[in-house]
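Next comes my_file_12.json, a file with JSON, C-alpha atoms.
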```
[["chain", "number", "residue", "atom", "x", "y", "z"],
["A", 9, "MET", "CA", 27.38, 7.61, 0.81],
["A", 10, "LYS", "CA", 24.26, 8.11, -1.26],
["A", 11, "LYS", "CA", 24.32, 8.56, -4.98],
["A", 12, "SER", "CA", 21.37, 10.37, -6.53],
["A", 13, "SER", "CA", 20.15, 9.62, -10.02],
["A", 14, "GLY", "CA", 19.02, 13.20, -10.30],
["A", 15, "TYR", "CA", 15.40, 12.24, -10.87],
["A", 16, "PHE", "CA", 13.21, 14.49, -8.78],
["A", 17, "LYS", "CA", 9.60, 15.35, -9.41],
["A", 18, "THR", "CA", 7.16, 17.53, -7.51],
["A", 19, "PHE", "CA", 3.65, 16.52, -8.31],
["A", 20, "SER", "CA", 0.00, 16.44, -7.44],
["A", 21, "LEU", "CA", -0.43, 13.20, -5.55],
["A", 22, "THR", "CA", -2.98, 10.91, -7.21],
["A", 23, "LEU", "CA", -5.15, 8.81, -4.96],
["A", 24, "SER", "CA", -6.22, 5.33, -5.84],
["A", 25, "VAL", "CA", -9.66, 5.42, -4.30],
["A", 26, "GLY", "CA", -12.24, 8.05, -3.47],
["A", 27, "LEU", "CA", -14.63, 6.68, -0.91],
["A", 28, "ALA", "CA", -15.06, 5.94, 2.77],
["A", 29, "VAL", "CA", -14.77, 2.48, 4.28],
["A", 30, "SER", "CA", -17.60, 2.01, 6.75],
["A", 31, "ALA", "CA", -16.74, 0.84, 10.25],
["A", 32, "THR", "CA", -19.82, -1.38, 10.10],
["A", 33, "LEU", "CA", -18.73, -3.44, 7.12],
["A", 34, "PRO", "CA", -18.92, -7.18, 7.87],
["A", 35, "ALA", "CA", -15.90, -9.40, 7.37],
["A", 36, "ILE", "CA", -16.23, -11.63, 4.34],
["A", 37, "ALA", "CA", -16.07, -14.68, 6.57],
["A", 38, "SER", "CA", -19.47, -13.75, 7.99],
["A", 39, "ILE", "CA", -21.23, -13.27, 4.65],
["A", 40, "LYS", "CA", -23.83, -15.97, 4.09],
["A", 41, "ASP", "CA", -23.96, -18.01, 0.93],
["A", 42, "ASN", "CA", -27.29, -16.52, -0.04],
["A", 43, "ALA", "CA", -25.74, -13.05, -0.04],
["A", 44, "PHE", "CA", -23.56, -14.03, -2.97],
["A", 45, "SER", "CA", -26.58, -14.52, -5.21],
["A", 46, "GLN", "CA", -27.75, -10.98, -4.51],
["A", 47, "GLY", "CA", -24.76, -9.30, -6.20],
["A", 48, "SER", "CA", -25.07, -7.39, -9.43],
["A", 49, "HIS", "CA", -22.92, -9.96, -11.24],
["A", 50, "ASN", "CA", -24.71, -13.15, -12.20],
["A", 51, "ARG", "CA", -22.12, -15.77, -11.39],
["A", 52, "SER", "CA", -22.16, -18.93, -9.32],
["A", 53, "GLU", "CA", -21.74, -18.96, -5.55],
["A", 54, "ILE", "CA", -18.78, -21.31, -5.90],
["A", 55, "VAL", "CA", -16.82, -18.94, -8.12],
["A", 56, "LEU", "CA", -17.53, -16.03, -5.82],
["A", 57, "GLY", "CA", -16.57, -18.03, -2.76],
["A", 58, "GLN", "CA", -13.26, -18.96, -4.33],
["A", 59, "ARG", "CA", -12.55, -15.35, -5.23],
["A", 60, "LEU", "CA", -13.32, -14.06, -1.76],
["A", 61, "SER", "CA", -11.27, -16.72, 0.00],
["A", 62, "ARG", "CA", -8.22, -15.76, -2.06],
["A", 63, "LEU", "CA", -8.46, -12.24, -0.67],
["A", 64, "ARG", "CA", -7.30, -13.57, 2.67],
["A", 65, "PHE", "CA", -3.66, -12.82, 1.95],
["A", 66, "LYS", "CA", -1.39, -15.75, 2.77],
["A", 67, "VAL", "CA", 1.53, -14.70, 4.96],
["A", 68, "ARG", "CA", 4.39, -17.15, 5.29],
["A", 69, "GLY", "CA", 6.52, -17.43, 8.40],
["A", 70, "ILE", "CA", 9.76, -16.77, 6.50],
["A", 71, "ARG", "CA", 9.89, -13.99, 3.89],
["A", 72, "PRO", "CA", 12.68, -11.99, 2.23],
["A", 73, "SER", "CA", 13.68, -8.88, 4.15],
["A", 74, "MET", "CA", 15.94, -5.85, 3.92],
["A", 75, "SER", "CA", 18.13, -4.74, 6.82],
["A", 76, "ARG", "CA", 16.84, -1.24, 7.52],
["A", 77, "GLU", "CA", 15.08, 0.51, 10.35],
["A", 78, "GLY", "CA", 11.42, -0.43, 10.19],
["A", 79, "GLY", "CA", 8.20, 0.10, 12.02],
["A", 80, "ILE", "CA", 4.81, 1.75, 11.77],
["A", 81, "SER", "CA", 6.13, 5.27, 12.29],
["A", 82, "ARG", "CA", 9.06, 6.88, 14.03],
["A", 83, "GLY", "CA", 10.04, 10.50, 14.57],
["A", 84, "ALA", "CA", 8.49, 13.50, 16.30],
["A", 85, "THR", "CA", 4.98, 14.08, 17.54],
["A", 86, "CYS", "CA", 3.10, 16.38, 15.16],
["A", 87, "GLY", "CA", -0.53, 15.76, 15.89],
["A", 88, "LEU", "CA", -2.99, 18.56, 16.41],
["A", 89, "ASN", "CA", -2.57, 20.24, 19.81],
["A", 90, "GLY", "CA", 0.61, 18.25, 20.37],
["A", 91, "GLN", "CA", -1.14, 14.89, 20.32],
["A", 92, "PRO", "CA", 0.86, 11.86, 19.10],
["A", 93, "VAL", "CA", 0.07, 10.48, 15.67],
["A", 94, "GLU", "CA", 0.90, 7.23, 13.91],
["A", 95, "VAL", "CA", 1.49, 6.98, 10.16],
["A", 96, "THR", "CA", 0.96, 3.48, 8.75],
["A", 97, "ALA", "CA", 2.01, 1.93, 5.46],
["A", 98, "LEU", "CA", -0.59, -0.51, 4.13],
["A", 99, "LEU", "CA", 1.67, -3.55, 4.36],
["A", 100, "PRO", "CA", 1.08, -6.93, 5.98],
["A", 101, "LYS", "CA", 1.86, -6.86, 9.69],
["A", 102, "THR", "CA", 4.11, -9.88, 9.99],
["A", 103, "ASN", "CA", 7.05, -11.02, 12.06],
["A", 104, "GLU", "CA", 6.76, -7.97, 14.33],
["A", 105, "ALA", "CA", 8.85, -9.54, 17.11],
["A", 106, "GLU", "CA", 11.64, -10.25, 14.61],
["A", 107, "LEU", "CA", 11.34, -6.75, 13.17],
["A", 108, "SER", "CA", 11.89, -5.19, 16.59],
["A", 109, "THR", "CA", 15.16, -7.07, 17.13],
["A", 110, "LYS", "CA", 16.61, -7.42, 13.62],
["A", 111, "LYS", "CA", 15.42, -4.07, 12.26],
["A", 112, "GLU", "CA", 14.34, -5.62, 8.99],
["A", 113, "ILE", "CA", 11.54, -4.79, 6.57],
["A", 114, "GLU", "CA", 9.62, -7.47, 4.73],
["A", 115, "VAL", "CA", 10.04, -7.31, 0.96],
["A", 116, "GLU", "CA", 6.69, -7.35, -0.84],
["A", 117, "LYS", "CA", 6.35, -8.43, -4.46],
["A", 118, "THR", "CA", 4.99, -6.65, -7.53],
["A", 119, "VAL", "CA", 4.75, -7.45, -11.22],
["A", 120, "SER", "CA", 4.32, -3.77, -12.06],
["A", 121, "ALA", "CA", 7.10, -1.62, -13.48],
["A", 122, "HIS", "CA", 5.47, 1.42, -11.82],
["A", 123, "PRO", "CA", 3.67, 0.16, -8.70],
["A", 124, "THR", "CA", 1.40, 2.01, -6.29],
["A", 125, "PHE", "CA", 1.91, 2.31, -2.52],
["A", 126, "LEU", "CA", -0.78, 3.23, 0.01],
["A", 127, "ILE", "CA", -0.23, 4.98, 3.36],
["A", 128, "HIS", "CA", -2.61, 5.96, 6.11],
["A", 129, "VAL", "CA", -2.01, 9.51, 7.38],
["A", 130, "PRO", "CA", -4.02, 10.57, 10.47],
["A", 131, "GLN", "CA", -4.95, 14.09, 11.50],
["A", 132, "THR", "CA", -1.70, 16.03, 11.74],
["A", 133, "SER", "CA", -0.38, 19.56, 11.95],
["A", 134, "ALA", "CA", 2.18, 18.74, 9.25],
["A", 135, "LYS", "CA", 1.59, 20.29, 5.82],
["A", 136, "ASN", "CA", 3.99, 18.33, 3.61],
["A", 137, "ALA", "CA", 5.45, 14.88, 3.12],
["A", 138, "ALA", "CA", 8.19, 13.34, 0.99],
["A", 139, "PHE", "CA", 8.40, 9.99, -0.81],
["A", 140, "LEU", "CA", 11.81, 8.48, -1.58],
["A", 141, "MET", "CA", 12.77, 5.24, -3.31],
["A", 142, "LYS", "CA", 16.29, 3.81, -3.33],
["A", 143, "LYS", "CA", 18.10, 0.70, -4.47],
["A", 144, "LYS", "CA", 21.34, -0.72, -3.10],
["A", 145, "ILE", "CA", 24.21, -0.60, -5.58],
["A", 146, "SER", "CA", 26.94, -1.77, -3.18],
["A", 147, "ALA", "CA", 27.33, -2.84, 0.44],
["A", 148, "THR", "CA", 27.74, 0.78, 1.52],
["A", 149, "GLU", "CA", 26.02, 2.79, -1.21],
["A", 150, "ASP", "CA", 22.40, 3.42, -2.20],
["A", 151, "GLU", "CA", 21.10, 5.08, -5.33],
["A", 152, "ILE", "CA", 18.03, 7.33, -5.21],
["A", 153, "VAL", "CA", 15.83, 6.30, -8.12],
["A", 154, "TYR", "CA", 12.76, 8.40, -7.40],
["A", 155, "GLU", "CA", 11.54, 11.10, -5.03],
["A", 156, "GLN", "CA", 8.46, 13.27, -4.72],
["A", 157, "ASN", "CA", 7.27, 16.10, -2.48],
["A", 158, "VAL", "CA", 3.57, 16.17, -1.66],
["A", 159, "ALA", "CA", 1.20, 18.49, 0.18],
["A", 160, "LEU", "CA", -0.85, 16.78, 2.87],
["A", 161, "PRO", "CA", -4.59, 17.44, 3.05],
["A", 162, "GLU", "CA", -6.38, 18.64, 6.16],
["A", 163, "THR", "CA", -8.54, 15.53, 6.13],
["A", 164, "PRO", "CA", -7.01, 12.32, 7.54],
["A", 165, "GLY", "CA", -7.19, 9.12, 5.53],
["A", 166, "ILE", "CA", -5.46, 6.76, 3.12],
["A", 167, "VAL", "CA", -3.37, 8.23, 0.31],
["A", 168, "SER", "CA", -1.52, 6.51, -2.51],
["A", 169, "ILE", "CA", 1.63, 7.17, -4.46],
["A", 170, "SER", "CA", 2.07, 5.71, -7.94],
["A", 171, "LEU", "CA", 5.39, 5.80, -9.72],
["A", 172, "PRO", "CA", 4.58, 7.75, -12.92],
["A", 173, "ALA", "CA", 5.07, 6.29, -16.37],
["A", 174, "ASP", "CA", 7.98, 8.63, -17.09],
["A", 175, "ALA", "CA", 9.93, 7.38, -14.07],
["A", 176, "ALA", "CA", 12.48, 4.62, -14.55],
["A", 177, "ALA", "CA", 10.82, 1.19, -14.52],
["A", 178, "LEU", "CA", 11.60, -1.07, -11.59],
["A", 179, "GLU", "CA", 14.10, -3.74, -12.58],
["A", 180, "VAL", "CA", 13.02, -7.38, -12.37],
["A", 181, "GLY", "CA", 14.75, -9.09, -9.44],
["A", 182, "GLN", "CA", 15.91, -5.83, -7.87],
["A", 183, "SER", "CA", 14.72, -4.92, -4.36],
["A", 184, "TYR", "CA", 13.91, -1.32, -3.56],
["A", 185, "ASN", "CA", 13.49, 0.41, -0.22],
["A", 186, "TRP", "CA", 11.00, 3.28, 0.00],
["A", 187, "THR", "CA", 10.16, 5.80, 2.70],
["A", 188, "PHE", "CA", 7.26, 8.17, 3.27],
["A", 189, "GLN", "CA", 8.22, 11.04, 5.55],
["A", 190, "VAL", "CA", 5.71, 13.40, 7.14],
["A", 191, "VAL", "CA", 7.57, 16.68, 7.67],
["A", 192, "CYS", "CA", 6.69, 17.73, 11.22],
["A", 193, "ASP", "CA", 9.32, 20.49, 11.40],
["A", 194, "PRO", "CA", 10.75, 21.82, 8.09],
["A", 195, "THR", "CA", 13.74, 23.25, 9.99],
["A", 196, "ASP", "CA", 14.62, 19.90, 11.59],
["A", 197, "ARG", "CA", 14.09, 16.89, 9.34],
["A", 198, "GLU", "CA", 15.24, 14.58, 12.12],
["A", 199, "LYS", "CA", 11.73, 15.07, 13.50],
["A", 200, "ASP", "CA", 10.02, 13.60, 10.43],
["A", 201, "LEU", "CA", 7.46, 10.86, 11.02],
["A", 202, "THR", "CA", 8.71, 8.07, 8.77],
["A", 203, "VAL", "CA", 7.30, 4.79, 7.51],
["A", 204, "GLU", "CA", 9.21, 2.39, 5.29],
["A", 205, "GLY", "CA", 8.60, -0.48, 2.95],
["A", 206, "ALA", "CA", 10.48, -2.68, 0.51],
["A", 207, "VAL", "CA", 9.37, -4.06, -2.83],
["A", 208, "GLN", "CA", 10.81, -6.35, -5.46],
["A", 209, "ARG", "CA", 9.56, -6.62, -9.02],
["A", 210, "ILE", "CA", 9.16, -10.20, -10.19],
["A", 211, "GLU", "CA", 8.60, -11.61, -13.66],
["A", 212, "LEU", "CA", 4.97, -12.16, -14.61],
["A", 213, "ASP", "CA", 5.02, -15.84, -15.53],
["A", 214, "SER", "CA", 2.80, -17.21, -18.29],
["A", 215, "SER", "CA", 0.48, -19.11, -15.94],
["A", 216, "LEU", "CA", -0.29, -16.04, -13.84],
["A", 217, "ALA", "CA", -0.57, -13.87, -16.94],
["A", 218, "ASN", "CA", -3.15, -16.25, -18.43],
["A", 219, "LYS", "CA", -5.19, -16.26, -15.22],
["A", 220, "LEU", "CA", -5.22, -12.48, -15.10],
["A", 221, "GLN", "CA", -6.11, -12.17, -18.78],
["A", 222, "GLN", "CA", -9.02, -14.59, -18.53],
["A", 223, "ALA", "CA", -10.38, -13.24, -15.25],
["A", 224, "GLU", "CA", -12.89, -10.47, -14.83],
["A", 225, "PRO", "CA", -11.34, -7.31, -13.35],
["A", 226, "ARG", "CA", -12.99, -7.84, -9.96],
["A", 227, "ASP", "CA", -11.39, -11.28, -9.69],
["A", 228, "ARG", "CA", -7.82, -10.08, -10.29],
["A", 229, "PRO", "CA", -7.07, -8.88, -6.71],
["A", 230, "GLY", "CA", -7.84, -12.41, -5.52],
["A", 231, "ILE", "CA", -5.49, -13.89, -8.11],
["A", 232, "TYR", "CA", -2.69, -11.59, -6.96],
["A", 233, "ALA", "CA", -3.40, -12.42, -3.32],
["A", 234, "GLU", "CA", -3.32, -16.15, -4.05],
["A", 235, "ALA", "CA", 0.08, -15.65, -5.71],
["A", 236, "GLU", "CA", 1.24, -13.69, -2.61],
["A", 237, "ILE", "CA", 1.75, -10.49, -4.59],
["A", 238, "TRP", "CA", 0.58, -7.99, -1.99],
["A", 239, "THR", "CA", 1.38, -4.72, -3.79],
["A", 240, "ASP", "CA", -0.79, -5.51, -6.81],
["A", 241, "ALA", "CA", -3.56, -7.23, -4.86],
["A", 242, "LEU", "CA", -4.01, -4.06, -2.82],
["A", 243, "SER", "CA", -3.69, -1.49, -5.62],
["A", 244, "THR", "CA", -5.96, -3.31, -8.11],
["A", 245, "LEU", "CA", -8.65, -3.68, -5.46],
["A", 246, "ALA", "CA", -8.29, 0.01, -4.60],
["A", 247, "ASP", "CA", -8.78, 0.91, -8.26],
["A", 248, "LEU", "CA", -11.89, -1.26, -8.46],
["A", 249, "ARG", "CA", -13.38, 0.46, -5.43],
["A", 250, "LYS", "CA", -12.72, 3.85, -6.97],
["A", 251, "ALA", "CA", -14.54, 2.82, -10.14],
["A", 252, "ASN", "CA", -17.40, 1.18, -8.21],
["A", 253, "PRO", "CA", -17.90, 3.23, -5.02],
["A", 254, "ASN", "CA", -21.31, 1.69, -4.23],
["A", 255, "ASP", "CA", -20.33, -1.94, -4.72],
["A", 256, "GLN", "CA", -20.81, -3.56, -1.31],
["A", 257, "GLN", "CA", -19.00, -6.71, -2.36],
["A", 258, "LEU", "CA", -15.83, -4.78, -3.23],
["A", 259, "GLN", "CA", -16.07, -2.89, 0.05],
["A", 260, "ASP", "CA", -16.29, -6.21, 1.88],
["A", 261, "ASP", "CA", -13.36, -7.55, -0.14],
["A", 262, "TRP", "CA", -11.27, -4.53, 0.89],
["A", 263, "ASN", "CA", -12.20, -4.94, 4.53],
["A", 264, "ASP", "CA", -11.43, -8.64, 4.47],
["A", 265, "LEU", "CA", -8.09, -8.25, 2.68],
["A", 266, "LEU", "CA", -6.80, -5.70, 5.19],
["A", 267, "ASN", "CA", -8.18, -7.65, 8.15],
["A", 268, "SER", "CA", -6.27, -10.72, 6.97],
["A", 269, "VAL", "CA", -2.91, -8.95, 7.45],
["A", 270, "GLY", "CA", -3.65, -7.12, 10.70],
["A", 271, "LEU", "CA", -4.79, -3.80, 9.22],
["A", 272, "ASP", "CA", -8.36, -3.97, 10.52],
["A", 273, "THR", "CA", -8.34, -0.43, 11.96],
["A", 274, "ILE", "CA", -6.94, 0.97, 8.72],
["A", 275, "ALA", "CA", -9.63, -0.81, 6.70],
["A", 276, "GLN", "CA", -12.17, 1.51, 8.28],
["A", 277, "ALA", "CA", -10.36, 4.75, 7.42],
["A", 278, "THR", "CA", -11.65, 7.36, 5.03],
["A", 279, "VAL", "CA", -9.92, 7.49, 1.66],
["A", 280, "ILE", "CA", -9.01, 11.01, 0.53],
["A", 281, "ASP", "CA", -10.04, 12.36, -2.87],
["A", 282, "SER", "CA", -7.16, 14.68, -3.77],
["A", 283, "LEU", "CA", -4.01, 16.47, -2.67],
["A", 284, "ASN", "CA", -2.41, 19.74, -3.71],
["A", 285, "ARG", "CA", 0.81, 20.39, -5.56],
["A", 286, "VAL", "CA", 3.88, 21.50, -3.61],
["A", 287, "ASN", "CA", 5.40, 24.58, -5.28]]
```
Translate this file's structure into structure tokens.
Amino acid sequence: MKKSSGYFKTFSLTLSVGLAVSATLPAIASIKDNAFSQGSHNRSEIVLGQRLSRLRFKVRGIRPSMSREGGISRGATCGLNGQPVEVTALLPKTNEAELSTKKEIEVEKTVSAHPTFLIHVPQTSAKNAAFLMKKKISATEDEIVYEQNVALPETPGIVSISLPADAAALEVGQSYNWTFQVVCDPTDREKDLTVEGAVQRIELDSSLANKLQQAEPRDRPGIYAEAEIWTDALSTLADLRKANPNDQQLQDDWNDLLNSVGLDTIAQATVIDSLNRVN
């Protein structure tokens, strides 16, 4: 039985970044030391090296998980001309063998009350998608805490969904399961292409808060990555790229961060500028 909170909002989906990721971008591991000194920010090579190394997200062998169907995408085929498509949530690809047998989703962390989630949507004949977030209130009952309908663009790429400020804040210590469903056939929702994720808001401790406050904005994704807070490492870096579309260093950071968690093909995808409102 599912209990809805009654909170439903149709909206114009806001995207975190508005640029393309070049397929020719080098991994950060291959950048020479002398390249660091050529950046627009006059800081030492050591500081830059430390920042970039933190963007290699550390994935532990054992992580919290939620017992739900998981995977890259499941559902019907709704590519152009009947071709198969694969929708991918930008989440670390870990413990895939365990996922296939236990049907569990890794729980990522956030310190944000209204976090942002990114999903790669390829070329598809589908026009609409739906985002749904739930929390478990008993062993057999979930509560819907947020849902949105969105119109998909004709252009494939990476889109993002941010919980708006007027939505209920995520509770500290509470895990939430979210789904993004591409509606292949509006008359048969069993054919939706679905990706899932799980997130838990944690308390921002004083040590991490001080590091973030003292750091320059471009260093904050690395601080989140070092603390193993994937959701905020990804979204803050996406925001930086949007604000600095010609910054090669940030583009390399993005490429390296996604490569470190098995999303190398997604790192090269185009990021879409805007989506339309569903009426």
**OP:** May I ask which of the residues A:Gly230, A:Ala251, A:Glu179, A:Ala159 is the closest one to Asp264 in chain A, counting only C-alpha atoms?
**Re:**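 Result for the nearest residue to Asp264 in chain A: A:Gly230.
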Original post:
Any idea what's packed within 9 Å of Val191 in chain A, counting all atoms listed in the file, ignoring anything in its chain fewer than 6 positions away? Could you give it as a PyMOL selection string?
Top reply: chain A and resi 86+134-138+197+199-202
**OP:** Kindly indicate which residue among A:Leu242, A:Ala97, A:Ala121, A:Leu265 lies nearest to Pro172 in chain A, using all atoms listed in the file for the distances.
**Re:** A:Ala121
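Take the candidates A:Asp227, A:Asp272, A:Glu204, A:Asp255 and check each one against Asn185 in chain A using all atoms listed in the file; the shortest distance goes to A:Glu204.
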Subject >> Residues near Gly181 in chain A, cut-off 7 Å, all atoms listed in the file, skip fewer than 2 positions along chain, as a list in words >> reply: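 Contacts, in chain order: Glu179, Ser183, Gln208, Arg209 and Ile210 of chain A.
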**OP:** Grab the CA of Cys192 in chain A to CA of Leu266 in chain A distance for me, in Å with one decimal place.
**Re:**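 Distance reported for this atom pair: 27.7 Å.
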Original post:
Looking at A:Asn252, A:Glu151, A:Val119, A:Thr195, which one is nearest to Ala177 in chain A, with distances taken over all atoms listed in the file?
Top reply: A:Val119
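Distances to Ile237 in chain A were evaluated for A:Ile169, A:Leu258, A:Val93, A:Leu99 using all atoms listed in the file, and the minimum falls at A:Leu99.
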**OP:** Could you check which of A:Asn218, A:Gln131, A:Asn254, A:Gln189 is closest to Glu155 in chain A, using only C-alpha atoms?
**Re:** A:Gln189
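Between CA of Leu212 in chain A and CA of Thr118 in chain A lies a distance of 9.0 Å.
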Subject >> Straight-line distance linking CA of Glu114 in chain A with CA of Thr163 in chain A, stated in Å to one decimal >> reply: 29.3 Å
